[in-house]
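File shown: protein_13.csv. Contents: CSV, C-alpha atoms and all ligand atoms.
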chain,number,residue,atom,x,y,z
A,1,MET,CA,-31.0,53.3,-25.7
A,2,SER,CA,-30.9,50.1,-27.7
A,3,TYR,CA,-29.3,46.7,-27.6
A,4,GLU,CA,-29.5,43.6,-29.7
A,5,ILE,CA,-29.5,39.9,-28.9
A,6,GLU,CA,-28.8,36.9,-31.0
A,7,GLY,CA,-29.4,33.2,-30.7
A,8,ARG,CA,-31.9,31.4,-28.6
A,9,LEU,CA,-33.2,32.8,-25.3
A,10,GLY,CA,-32.9,30.7,-22.2
A,11,PRO,CA,-36.1,29.5,-20.6
A,12,ILE,CA,-38.8,32.2,-20.4
A,13,PHE,CA,-40.7,32.6,-17.2
A,14,ASN,CA,-43.3,35.0,-15.8
A,15,CYS,CA,-41.8,35.9,-12.5
A,16,HIS,CA,-44.2,37.0,-9.8
A,17,CYS,CA,-41.6,37.8,-7.1
A,18,SER,CA,-42.0,41.1,-5.3
A,19,LYS,CA,-38.8,42.6,-6.7
A,20,CYS,CA,-39.9,42.0,-10.3
A,21,ARG,CA,-43.4,43.4,-9.5
A,22,ARG,CA,-42.0,46.5,-8.0
A,23,TRP,CA,-39.3,47.0,-10.7
A,24,HIS,CA,-41.8,46.7,-13.5
A,25,GLY,CA,-44.9,48.2,-11.7
A,26,ALA,CA,-46.8,45.2,-12.9
A,27,ALA,CA,-48.3,41.9,-11.7
A,28,PHE,CA,-45.3,40.0,-13.0
A,29,ARG,CA,-42.2,40.3,-15.2
A,30,THR,CA,-41.7,38.1,-18.3
A,31,ARG,CA,-38.0,37.4,-18.4
A,32,ALA,CA,-35.3,35.2,-19.9
A,33,SER,CA,-31.6,34.9,-19.5
A,34,ILE,CA,-29.1,34.8,-22.3
A,35,ARG,CA,-25.4,34.4,-22.4
A,36,SER,CA,-23.5,37.7,-22.3
A,37,ASP,CA,-21.9,36.9,-25.6
A,38,GLN,CA,-25.3,37.0,-27.2
A,39,PHE,CA,-25.9,40.5,-26.0
A,40,ARG,CA,-24.6,43.8,-27.4
A,41,TRP,CA,-25.4,47.4,-26.6
A,42,LEU,CA,-26.1,49.4,-29.8
A,43,SER,CA,-26.6,52.9,-28.4
A,44,GLY,CA,-27.2,55.0,-25.3
A,45,GLU,CA,-25.0,52.9,-22.9
A,46,HIS,CA,-24.1,56.2,-21.1
A,47,ASN,CA,-27.8,56.4,-20.1
A,48,LEU,CA,-27.6,53.2,-18.0
A,49,THR,CA,-28.2,53.6,-14.3
A,50,PRO,CA,-27.3,50.6,-12.1
A,51,TYR,CA,-29.2,49.5,-9.1
A,52,ALA,CA,-27.9,46.8,-6.8
A,53,SER,CA,-31.1,44.9,-6.0
A,54,SER,CA,-29.2,42.4,-3.9
A,55,GLU,CA,-25.7,41.4,-3.1
A,56,ASN,CA,-25.5,39.4,-6.3
A,57,VAL,CA,-27.8,41.2,-8.7
A,58,THR,CA,-27.4,44.6,-10.4
A,59,LYS,CA,-30.4,45.8,-12.4
A,60,TYR,CA,-30.0,48.6,-15.0
A,61,PHE,CA,-32.5,51.1,-16.1
A,62,CYS,CA,-32.6,54.0,-18.5
A,63,LYS,CA,-32.1,57.3,-16.6
A,64,THR,CA,-34.0,59.2,-19.3
A,65,CYS,CA,-37.2,57.1,-19.7
A,66,GLY,CA,-37.0,54.8,-16.7
A,67,SER,CA,-37.3,51.6,-18.7
A,68,PRO,CA,-36.0,48.5,-16.9
A,69,LEU,CA,-33.3,47.1,-19.1
A,70,ILE,CA,-31.0,44.2,-18.0
A,71,SER,CA,-29.9,42.4,-14.9
A,72,THR,CA,-26.3,41.1,-14.3
A,73,TYR,CA,-25.1,38.7,-11.7
A,74,LYS,CA,-21.9,38.7,-9.7
A,75,ASP,CA,-21.8,35.0,-9.4
A,76,ARG,CA,-22.6,34.4,-13.1
A,77,PRO,CA,-20.9,37.2,-15.3
A,78,GLU,CA,-21.6,35.1,-18.4
A,79,VAL,CA,-25.3,35.6,-18.0
A,80,VAL,CA,-27.6,38.6,-18.8
A,81,GLY,CA,-31.2,38.7,-17.7
A,82,ILE,CA,-33.6,40.6,-19.9
A,83,PRO,CA,-37.2,41.6,-19.6
A,84,LEU,CA,-39.1,40.5,-22.7
A,85,GLY,CA,-41.3,43.5,-22.7
A,86,GLY,CA,-38.3,45.6,-23.7
A,87,LEU,CA,-37.7,43.7,-26.9
A,88,GLU,CA,-38.8,44.8,-30.4
A,89,GLY,CA,-39.7,42.2,-33.0
A,90,ASP,CA,-40.6,38.6,-32.6
A,91,ILE,CA,-38.8,36.0,-30.5
A,92,GLU,CA,-38.6,32.3,-30.6
A,93,GLY,CA,-40.3,30.6,-27.7
A,94,GLU,CA,-42.9,31.7,-25.1
A,95,PRO,CA,-43.3,31.6,-21.4
A,96,GLU,CA,-43.1,28.1,-20.0
A,97,ALA,CA,-44.2,28.7,-16.4
A,98,HIS,CA,-45.1,31.1,-13.7
A,99,ILE,CA,-42.4,31.3,-11.1
A,100,PHE,CA,-42.4,32.7,-7.5
A,101,THR,CA,-46.1,32.5,-7.4
A,102,GLY,CA,-45.6,32.1,-3.6
A,103,SER,CA,-45.2,35.9,-3.6
A,104,LYS,CA,-47.8,36.7,-6.3
A,105,ALA,CA,-49.9,39.8,-5.9
A,106,SER,CA,-53.2,39.0,-4.2
A,107,TRP,CA,-55.1,41.2,-6.7
A,108,HIS,CA,-53.8,39.2,-9.7
A,109,GLN,CA,-55.3,35.9,-10.9
A,110,ILE,CA,-53.4,33.6,-13.2
A,111,THR,CA,-55.8,32.4,-15.7
A,112,ASP,CA,-53.7,30.5,-18.2
A,113,LEU,CA,-52.7,26.8,-17.9
A,114,LEU,CA,-49.0,27.2,-17.6
A,115,PRO,CA,-47.4,25.4,-14.7
A,116,GLN,CA,-47.0,27.4,-11.5
A,117,PHE,CA,-44.1,27.2,-9.0
A,118,ASP,CA,-43.8,28.8,-5.6
A,119,ASN,CA,-40.1,29.4,-6.3
A,120,TRP,CA,-37.9,27.9,-9.1
A,121,PRO,CA,-39.4,25.0,-11.0
A,122,ASN,CA,-36.5,22.7,-10.1
A,123,SER,CA,-32.8,22.7,-9.3
A,124,GLU,CA,-31.9,22.1,-12.9
A,125,SER,CA,-33.5,25.4,-13.9
A,126,ARG,CA,-31.7,27.2,-11.1
A,127,VAL,CA,-28.4,25.9,-12.6
A,128,ARG,CA,-29.1,27.0,-16.1
A,129,ASP,CA,-30.8,30.2,-15.2
A,130,THR,CA,-30.6,33.1,-12.7
A,131,ASN,CA,-33.6,35.0,-11.4
A,132,ASP,CA,-33.9,38.6,-10.4
B,201,ZN,ZN,-38.6,37.9,-10.0
Can you give me the file's structure in the form of structure tokens?
Amino acid sequence: MSYEIEGRLGPIFNCHCSKCRRWHGAAFRTRASIRSDQFRWLSGEHNLTPYASSENVTKYFCKTCGSPLISTYKDRPEVVGIPLGGLEGDIEGEPEAHIFTGSKASWHQITDLLPQFDNWPNSESRVRDTND
């Protein structure tokens, strides 16, 4: 299964919410959003398995290898959420903050100096981005 993206990523966050932790089996998920017209499947689309993680959000994973792939949003069809761990090659930009640290795993310590937010950094980010 492969896809390609082009252009700049939206803001990159390390998300510590419980859904991201469970979905990735990790302390947090590094994620960004892009416009859907920046995203294109290249192969293996038939292997996609959807999972409705909430009323608004559908997450897709690969039914062969289990890799988490993308998230789509009912209220924002023009946006695709991608986990950066699934990308090959270099990207422009790096995480700018830890978000949803209010639900961070108790066994994980954040040791870098990035800003931390209990939820979303501010309402502007919420407008230009979509979590989950
Ligand atoms: Zn999250």
Residues of chain A that approach ligand ZN 201 (chain B) to 7 Å or less, counting all atoms listed in the file: could you list each one with the shortest pair of atoms and its distance in Å to one decimal, rows by chain and increasing residue number, as a tab-separated table?
residue	atom	partner	partner_atom	distance
A:Cys15	CA	B:ZN201	ZN	4.5
A:His16	CA	B:ZN201	ZN	5.7
A:Cys17	CA	B:ZN201	ZN	4.2
A:Ser18	CA	B:ZN201	ZN	6.6
A:Lys19	CA	B:ZN201	ZN	5.7
A:Cys20	CA	B:ZN201	ZN	4.3
A:Arg29	CA	B:ZN201	ZN	6.8
A:Phe100	CA	B:ZN201	ZN	6.9
A:Asn131	CA	B:ZN201	ZN	5.9
A:Asp132	CA	B:ZN201	ZN	4.8
Nearest to Glu92 (chain A): which of A:Met1, A:Ala32, A:Ser43, A:Trp23 is it, counting only C-alpha atoms?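 Using only C-alpha atoms, Glu92 (chain A) sits closest to A:Ala32.
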Given 6 Å of margin on each side, can you work out the centre and size in Å (one decimal) of an axis-aligned box holding every listed atom of region 99-114 of chain A, as lines of an AutoDock Vina configuration file?
center_x = -49.1
center_y = 34.0
center_z = -10.9
size_x = 25.4
size_y = 26.4
size_z = 26.6
Polymer residues at most 12 Å from (-39.8, 37.7, -33.4) by only C-alpha atoms, as number ranges by chain: A: 5-9, 84, 87-94
Just to confirm, what's the straight-line distance from CA of Gly44 (chain A) to CA of Thr58 (chain A) in Å (one decimal)?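 Taking CA of Gly44 (chain A) as the start and CA of Thr58 (chain A) as the end point, the length is 18.2 Å.
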